[in-house]
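Participant: Sharing run-v2.cif below, mmCIF, C-alpha atoms:
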```cif
data_my_file
loop_
_atom_site.label_atom_id
_atom_site.label_comp_id
_atom_site.auth_asym_id
_atom_site.auth_seq_id
_atom_site.Cartn_x
_atom_site.Cartn_y
_atom_site.Cartn_z
CA MET A 1 29.01 -18.85 -70.11
CA GLY A 2 30.67 -18.50 -66.74
CA HIS A 3 32.96 -16.01 -65.11
CA ALA A 4 36.62 -16.36 -64.18
CA ALA A 5 39.10 -14.57 -61.96
CA ILE A 6 42.81 -14.03 -62.41
CA PHE A 7 44.63 -13.84 -59.08
CA LEU A 8 47.90 -11.94 -59.35
CA ALA A 9 50.40 -13.32 -56.85
CA ALA A 10 53.72 -13.06 -58.70
CA GLY A 11 54.86 -9.63 -57.49
CA SER A 12 58.26 -9.29 -55.86
CA GLY A 13 57.05 -7.36 -52.80
CA SER A 14 60.32 -5.39 -52.73
CA ARG A 15 58.77 -2.49 -50.79
CA MET A 16 58.19 -4.80 -47.81
CA ARG A 17 61.94 -4.32 -47.19
CA GLY A 18 62.43 -7.95 -46.14
CA VAL A 19 60.08 -7.72 -43.14
CA VAL A 20 58.25 -10.77 -44.51
CA ASP A 21 59.40 -13.24 -47.15
CA ASP A 22 56.11 -13.07 -49.07
CA LYS A 23 53.39 -10.57 -48.18
CA LEU A 24 50.66 -12.81 -49.58
CA LEU A 25 51.66 -15.55 -47.14
CA ALA A 26 52.05 -13.21 -44.15
CA LYS A 27 49.35 -13.78 -41.57
CA ILE A 28 46.85 -11.13 -40.58
CA ALA A 29 44.23 -11.94 -37.96
CA GLY A 30 45.42 -15.55 -38.03
CA LYS A 31 45.20 -16.24 -41.77
CA PRO A 32 47.47 -15.69 -44.78
CA VAL A 33 46.74 -12.57 -46.81
CA PHE A 34 46.07 -14.75 -49.87
CA SER A 35 43.29 -16.66 -48.08
CA TYR A 36 41.09 -13.59 -47.70
CA SER A 37 40.78 -13.09 -51.46
CA LEU A 38 40.05 -16.80 -51.89
CA GLU A 39 37.22 -16.64 -49.38
CA ALA A 40 35.65 -13.49 -50.83
CA PHE A 41 35.65 -14.88 -54.38
CA SER A 42 34.47 -18.34 -53.27
CA LYS A 43 31.03 -16.89 -52.49
CA VAL A 44 30.60 -15.07 -55.82
CA ASN A 45 27.67 -16.33 -57.91
CA ASP A 46 28.56 -17.90 -61.29
CA LEU A 47 32.31 -17.78 -60.73
CA ASP A 48 33.51 -21.17 -61.90
CA ARG A 49 37.21 -20.77 -62.56
CA ILE A 50 40.27 -19.02 -61.18
CA VAL A 51 43.77 -18.72 -62.58
CA VAL A 52 46.51 -18.15 -60.02
CA VAL A 53 49.53 -16.37 -61.45
CA TYR A 54 52.42 -17.34 -59.18
CA ARG A 55 56.06 -16.32 -58.82
CA ASP A 56 57.98 -19.60 -58.43
CA GLU A 57 57.42 -23.23 -57.50
CA ASP A 58 58.05 -22.70 -53.78
CA GLN A 59 55.39 -19.99 -53.66
CA ARG A 60 52.96 -22.11 -55.68
CA CYS A 61 53.17 -24.88 -53.08
CA GLU A 62 52.42 -22.41 -50.28
CA LEU A 63 49.49 -20.87 -52.16
CA LEU A 64 48.16 -24.34 -52.91
CA ALA A 65 48.08 -25.06 -49.18
CA CYS A 66 45.87 -21.99 -48.73
CA LEU A 67 43.53 -23.31 -51.43
CA GLU A 68 43.36 -26.75 -49.88
CA ALA A 69 42.36 -25.20 -46.55
CA LEU A 70 39.28 -23.78 -48.29
CA SER A 71 37.31 -27.00 -48.53
CA PRO A 72 35.46 -27.87 -50.62
CA MET A 73 36.86 -25.62 -53.33
CA PRO A 74 33.90 -24.12 -55.22
CA TYR A 75 35.76 -23.47 -58.46
CA ALA A 76 38.29 -25.03 -60.78
CA VAL A 77 41.85 -23.76 -60.23
CA GLU A 78 44.62 -23.42 -62.80
CA TRP A 79 48.18 -22.20 -62.39
CA ILE A 80 50.49 -20.16 -64.59
CA GLN A 81 53.84 -18.61 -63.80
CA GLY A 82 54.02 -14.81 -63.95
CA GLY A 83 56.22 -12.61 -66.09
CA ASP A 84 58.78 -9.91 -65.38
CA GLU A 85 56.15 -7.18 -65.09
CA ARG A 86 52.53 -7.08 -63.94
CA GLN A 87 51.20 -6.67 -67.49
CA HIS A 88 53.07 -9.81 -68.58
CA SER A 89 51.54 -11.75 -65.69
CA VAL A 90 48.04 -10.61 -66.62
CA PHE A 91 48.51 -11.65 -70.25
CA ASN A 92 49.78 -15.06 -69.16
CA GLY A 93 46.60 -15.51 -67.15
CA LEU A 94 44.35 -14.33 -69.96
CA GLU A 95 45.90 -16.79 -72.41
CA ILE A 96 44.71 -19.74 -70.32
CA LEU A 97 41.08 -18.65 -70.55
CA THR A 98 38.84 -19.07 -73.60
CA ILE A 99 35.89 -17.36 -75.24
CA ALA A 100 33.68 -19.58 -73.09
CA THR A 101 34.47 -17.06 -70.33
CA GLU A 102 32.02 -14.16 -70.26
CA ILE A 103 33.54 -11.91 -67.58
CA VAL A 104 37.09 -12.03 -66.25
CA LEU A 105 38.02 -10.34 -62.99
CA ILE A 106 41.65 -9.33 -62.51
CA HIS A 107 42.57 -9.08 -58.84
CA ASP A 108 45.75 -8.17 -57.02
CA CYS A 109 45.77 -10.54 -54.04
CA ALA A 110 47.62 -7.92 -52.01
CA ARG A 111 44.13 -6.42 -51.50
CA PRO A 112 42.66 -8.88 -48.98
CA LEU A 113 39.68 -6.82 -47.83
CA VAL A 114 37.56 -6.92 -50.98
CA ARG A 115 33.96 -8.01 -50.26
CA THR A 116 31.85 -10.55 -52.12
CA GLU A 117 28.89 -8.22 -52.64
CA ILE A 118 31.13 -5.57 -54.20
CA ILE A 119 32.66 -8.14 -56.56
CA GLU A 120 29.18 -9.11 -57.70
CA ASP A 121 28.29 -5.43 -58.30
CA LEU A 122 31.42 -5.17 -60.43
CA ILE A 123 30.47 -8.21 -62.51
CA MET A 124 27.04 -6.75 -63.23
CA ALA A 125 28.63 -3.49 -64.37
CA ALA A 126 31.01 -5.36 -66.69
CA ILE A 127 28.17 -7.40 -68.18
CA ARG A 128 26.34 -4.17 -68.93
CA ASP A 129 29.25 -1.95 -70.00
CA ARG A 130 32.10 -4.30 -71.10
CA ALA A 131 34.62 -2.81 -68.64
CA ALA A 132 34.33 -1.79 -64.99
CA VAL A 133 36.70 -0.94 -62.16
CA LEU A 134 36.39 -0.82 -58.41
CA ALA A 135 37.54 2.57 -57.13
CA HIS A 136 37.19 5.13 -54.37
CA ARG A 137 37.08 8.90 -54.41
CA VAL A 138 40.29 10.80 -53.71
CA THR A 139 39.87 12.95 -50.60
CA ASP A 140 43.38 14.43 -50.34
CA THR A 141 44.45 17.53 -52.22
CA ILE A 142 46.64 16.29 -55.09
CA LYS A 143 49.41 18.38 -56.67
CA GLN A 144 51.30 17.63 -59.87
CA THR A 145 55.00 18.43 -60.16
CA PRO A 146 56.80 19.47 -63.35
CA ARG A 147 57.69 16.56 -65.59
CA ARG A 148 61.44 17.21 -65.49
CA SER A 149 61.80 18.23 -61.84
CA ARG A 150 65.12 17.02 -60.40
CA GLY A 151 64.31 17.43 -56.74
CA ARG A 152 61.59 18.51 -54.32
CA ARG A 153 62.58 22.15 -53.73
CA ARG A 154 61.01 25.28 -55.20
CA LEU A 155 58.62 23.52 -57.55
CA ASP A 156 55.75 24.95 -59.57
CA LEU A 157 52.90 22.82 -58.25
CA LYS A 158 49.86 22.29 -60.42
CA ASP A 159 46.43 21.81 -58.85
CA MET A 160 44.39 18.75 -59.79
CA GLN A 161 40.60 18.85 -59.65
CA ARG A 162 39.87 16.62 -56.69
CA ASN A 163 36.21 16.08 -57.57
CA ARG A 164 37.34 14.36 -60.78
CA LEU A 165 39.96 12.08 -59.23
CA TRP A 166 39.44 8.41 -58.43
CA ALA A 167 41.91 5.94 -56.93
CA MET A 168 41.82 2.64 -58.80
CA GLU A 169 41.46 -0.64 -56.91
CA THR A 170 41.09 -4.28 -57.83
CA PRO A 171 39.37 -6.35 -58.92
CA GLN A 172 38.79 -4.85 -62.33
CA ALA A 173 36.29 -6.64 -64.56
CA PHE A 174 35.93 -6.99 -68.33
CA LYS A 175 34.23 -8.92 -71.07
CA TYR A 176 36.85 -11.54 -71.85
CA GLU A 177 37.16 -10.77 -75.56
CA THR A 178 37.52 -7.05 -74.78
CA ILE A 179 40.41 -7.36 -72.33
CA PHE A 180 42.19 -10.15 -74.20
CA GLU A 181 42.28 -8.21 -77.46
CA ALA A 182 43.37 -5.06 -75.62
CA TYR A 183 46.24 -6.84 -73.88
CA ARG A 184 47.30 -8.53 -77.10
CA GLU A 185 47.70 -5.10 -78.69
CA VAL A 186 49.58 -3.84 -75.63
CA ARG A 187 52.02 -6.69 -76.11
CA LEU A 188 52.38 -6.23 -79.87
CA ASN A 189 52.97 -2.49 -79.45
CA GLN A 190 55.31 -2.96 -76.47
CA GLU A 191 53.31 -0.51 -74.39
CA VAL A 192 53.89 -0.01 -70.67
CA ILE A 193 50.76 0.09 -68.49
CA THR A 194 50.27 -0.15 -64.73
CA ASP A 195 46.65 -1.24 -64.53
CA ASP A 196 44.12 -3.07 -66.65
CA THR A 197 41.80 -0.16 -67.38
CA ALA A 198 44.65 1.52 -69.28
CA ALA A 199 44.74 -1.40 -71.73
CA VAL A 200 41.13 -0.83 -72.79
CA SER A 201 41.03 2.96 -72.35
CA ASN A 202 43.93 3.33 -74.79
CA ARG A 203 41.71 1.62 -77.37
CA GLY A 204 38.79 4.01 -76.90
CA ILE A 205 36.73 1.71 -74.67
CA ARG A 206 34.98 3.49 -71.85
CA VAL A 207 35.21 2.12 -68.31
CA SER A 208 32.49 2.24 -65.67
CA ILE A 209 33.42 3.02 -62.07
CA VAL A 210 31.89 1.01 -59.25
CA GLU A 211 32.42 3.05 -56.10
CA ASN A 212 33.60 0.98 -53.17
CA PRO A 213 32.22 2.23 -49.84
CA TYR A 214 34.49 -0.12 -47.88
CA PRO A 215 38.23 0.11 -47.21
CA ASN A 216 40.15 -2.03 -49.72
CA PRO A 217 43.81 -1.08 -49.20
CA LYS A 218 46.74 -2.68 -50.97
CA ILE A 219 49.43 -4.19 -48.79
CA THR A 220 52.60 -2.58 -50.08
CA VAL A 221 54.79 -1.59 -47.12
CA PRO A 222 55.19 -3.31 -43.70
CA GLN A 223 52.82 -1.00 -41.80
CA ASP A 224 50.00 -1.97 -44.18
CA LEU A 225 49.85 -5.40 -42.52
CA GLY A 226 48.86 -3.89 -39.19
CA TYR A 227 46.34 -1.58 -40.84
CA ALA A 228 44.69 -4.46 -42.69
CA GLU A 229 44.53 -6.52 -39.51
CA TYR A 230 42.85 -3.63 -37.69
CA LEU A 231 40.24 -3.31 -40.45
CA ILE A 232 39.55 -7.05 -40.34
CA GLU A 233 39.09 -6.99 -36.58
CA HIS A 234 36.97 -3.81 -36.73
CA PRO A 235 34.84 -4.25 -39.88
CA VAL A 236 33.05 -1.25 -41.32
CA ASP A 237 29.26 -1.47 -41.31
CA ILE A 238 27.64 0.04 -44.42
CA THR A 239 24.72 1.31 -42.32
CA ASP A 240 27.19 3.30 -40.20
CA LEU A 241 28.70 4.79 -43.35
CA LYS A 242 25.28 5.89 -44.58
CA LYS A 243 24.54 7.55 -41.25
CA LEU A 244 27.77 9.52 -41.51
CA GLU A 245 26.78 10.75 -44.98
CA GLU A 246 23.38 12.00 -43.81
#
```
Starting from the file, give its structure as structure tokens.
Facilitator:
Amino acid sequence: MGHAAIFLAAGSGSRMRGVVDDKLLAKIAGKPVFSYSLEAFSKVNDLDRIVVVYRDEDQRCELLACLEALSPMPYAVEWIQGGDERQHSVFNGLEILTIATEIVLIHDCARPLVRTEIIEDLIMAAIRDRAAVLAHRVTDTIKQTPRRSRGRRRLDLKDMQRNRLWAMETPQAFKYETIFEAYREVRLNQEVITDDTAAVSNRGIRVSIVENPYPNPKITVPQDLGYAEYLIEHPVDITDLKKLEE
């Protein structure tokens, strides 16, 4: 049995405020954002299939050009159009795969800095534990506002325990049967979820965290493009990180 990846590329990118037509096709350090995820996954052992979930035919043609530039392509590529919401796009991608897939990785291609070695760590965790997510520790102090607050003045702020907080990233990895059945129930029950771990957690399945020591930001607003380019041009060395922790 091999492994597969679902590349989510169908998002609207509305928070880019029209600065670029498609953030996945915007260039950082000379290459489209989408190409960085392709390259990182192309070096993953035992990955033999990807499903690209695209927005429309024009975008598909542009993404295909990125794929063709990665030659030779080390995996089979399939295409499926996305849905109205992220969870619909994920389910569309899952339906293409079969039980011949052992592990499926679900990746938001707006995170171009993910590293091959971290992806492989995530796969090993999913093989062992059925479900695993890439994440980093929250370092900011987080406050929760009242549920029915109408503004941002004179609020009763509730403290959150920072040492228990993790910021979710992608990819997230699952045994195929586990995530497919979870998403099928999400669809049948008309649930609303914002990430893939929620689909399995809501069914009592525990998720393992793989801590990511490297920056893996999501490109959401225009200034994120410059930040990602800086990180690409000034890569973090894991040995430097370990020295800082000592």
Participant: Fewer than 5 positions away in the same chain doesn't count, so skip those; otherwise give me all residues within 12 Å of Leu188 in chain A, counting all atoms listed in the file, as a PyMOL selection string.
Facilitator: chain A and resi 88+91+181-183
Participant: Show me, as a list in words, the residues that have an atom within 10 Å of Ala198 in chain A when counting all atoms listed in the file, minus same-chain residues fewer than 6 positions from it.
Facilitator: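 Residues near the query, excluding close chain neighbours: Ala182, Tyr183, Val186, Val192, Gly204, Ile205 and Val207 of chain A.
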Participant: Residues picked by the PyMOL selection byres ((chain A and resi 107) around 6) here, as a PyMOL selection string?
Facilitator: chain A and resi 7+106+108-109+170-171
Participant: For Leu63 in chain A, find every residue with an atom within 12 Å (counting only C-alpha atoms), except residues of its own chain fewer than 5 positions away, and show them as an MDAnalysis selection string.
Facilitator: chainID A and resid 7:10 22:26 32:38 52:58 68:70 77:79 109
Participant: Hey, which of A:Asp129, A:Glu229, A:Asp237, A:Glu102 ends up closest to Arg206 in chain A? Count all atoms listed in the file.
Facilitator: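 Of A:Asp129, A:Glu229, A:Asp237, A:Glu102, the one nearest Arg206 in chain A, counting all atoms listed in the file, is A:Asp129.
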Participant: Restrict the calculation to all atoms listed in the file, then for each residue of range 109-143 of chain A with any atom at most 12 Å from an atom of range 40-46 of chain A give the closest atom pair and their distance in Å to one decimal, rows by chain and rising residue number, as JSON lines.
Facilitator:
```
{"residue": "A:Cys109", "atom": "CA", "partner": "A:Phe41", "partner_atom": "CA", "distance": 11.0}
{"residue": "A:Arg111", "atom": "CA", "partner": "A:Ala40", "partner_atom": "CA", "distance": 11.1}
{"residue": "A:Pro112", "atom": "CA", "partner": "A:Ala40", "partner_atom": "CA", "distance": 8.6}
{"residue": "A:Leu113", "atom": "CA", "partner": "A:Ala40", "partner_atom": "CA", "distance": 8.4}
{"residue": "A:Val114", "atom": "CA", "partner": "A:Ala40", "partner_atom": "CA", "distance": 6.8}
{"residue": "A:Arg115", "atom": "CA", "partner": "A:Ala40", "partner_atom": "CA", "distance": 5.8}
{"residue": "A:Thr116", "atom": "CA", "partner": "A:Ala40", "partner_atom": "CA", "distance": 5.0}
{"residue": "A:Glu117", "atom": "CA", "partner": "A:Val44", "partner_atom": "CA", "distance": 7.7}
{"residue": "A:Ile118", "atom": "CA", "partner": "A:Val44", "partner_atom": "CA", "distance": 9.7}
{"residue": "A:Ile119", "atom": "CA", "partner": "A:Val44", "partner_atom": "CA", "distance": 7.3}
{"residue": "A:Glu120", "atom": "CA", "partner": "A:Val44", "partner_atom": "CA", "distance": 6.4}
{"residue": "A:Asp121", "atom": "CA", "partner": "A:Val44", "partner_atom": "CA", "distance": 10.2}
{"residue": "A:Leu122", "atom": "CA", "partner": "A:Val44", "partner_atom": "CA", "distance": 11.0}
{"residue": "A:Ile123", "atom": "CA", "partner": "A:Val44", "partner_atom": "CA", "distance": 9.6}
{"residue": "A:Met124", "atom": "CA", "partner": "A:Asn45", "partner_atom": "CA", "distance": 11.0}
```
Participant: Near Tyr230 in chain A, within 10 Å and counting all atoms listed in the file, which residues show up once chain neighbours fewer than 6 positions away are dropped, as a list in words?
Facilitator: Ile28, Ala29 and Asp224 of chain A
Participant: I need the output of the PyMOL selection byres ((chain A and resi 215) around 9) for this file as a list in words; which residues are they?
Facilitator: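 Selected by the PyMOL selection byres ((chain A and resi 215) around 9) here: Leu113, Val114, His136, Asn212, Pro213, Tyr214, Asn216, Pro217, Leu231 and Val236 of chain A.
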Participant: Applied to the shown file, which residues does the PyMOL selection byres ((chain A and resi 5) around 6) return, written as an NGL selection string?
Facilitator: :A and (4 or 6 or 50 or 104-106)
Participant: Please, what distance in Å, to one decimal, runs between CA of Ser89 in chain A and CA of Lys27 in chain A?
Facilitator: 24.3 Å
Participant: Measuring atom to atom with only C-alpha atoms, identify which of A:Val19, A:Lys158, A:Ala65, A:Ser12 is nearest to Pro222 in chain A.
Facilitator: A:Val19
Participant: Could you state the separation of CA of Glu177 in chain A and CA of Ala110 in chain A in Å, given to one decimal place?
Facilitator: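 Atom-to-atom, CA of Glu177 in chain A to CA of Ala110 in chain A, that is 25.9 Å.
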Participant: Measure the distance from CA of Lys218 in chain A to CA of Arg130 in chain A in Å and round it to one decimal.
Facilitator: 24.9 Å
Participant: Please determine, counting only C-alpha atoms, which residue among A:Asp156, A:Gly30, A:Gly2, A:Asn163 has the shortest atom-to-atom distance to Leu97 in chain A.
Facilitator: A:Gly2
Participant: Looking at A:Ala131, A:Ile96, A:Gly11, A:Leu225, which one is nearest to Gly82 in chain A, with distances taken over all atoms listed in the file?
Facilitator: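 Result for the nearest residue to Gly82 in chain A: A:Gly11.
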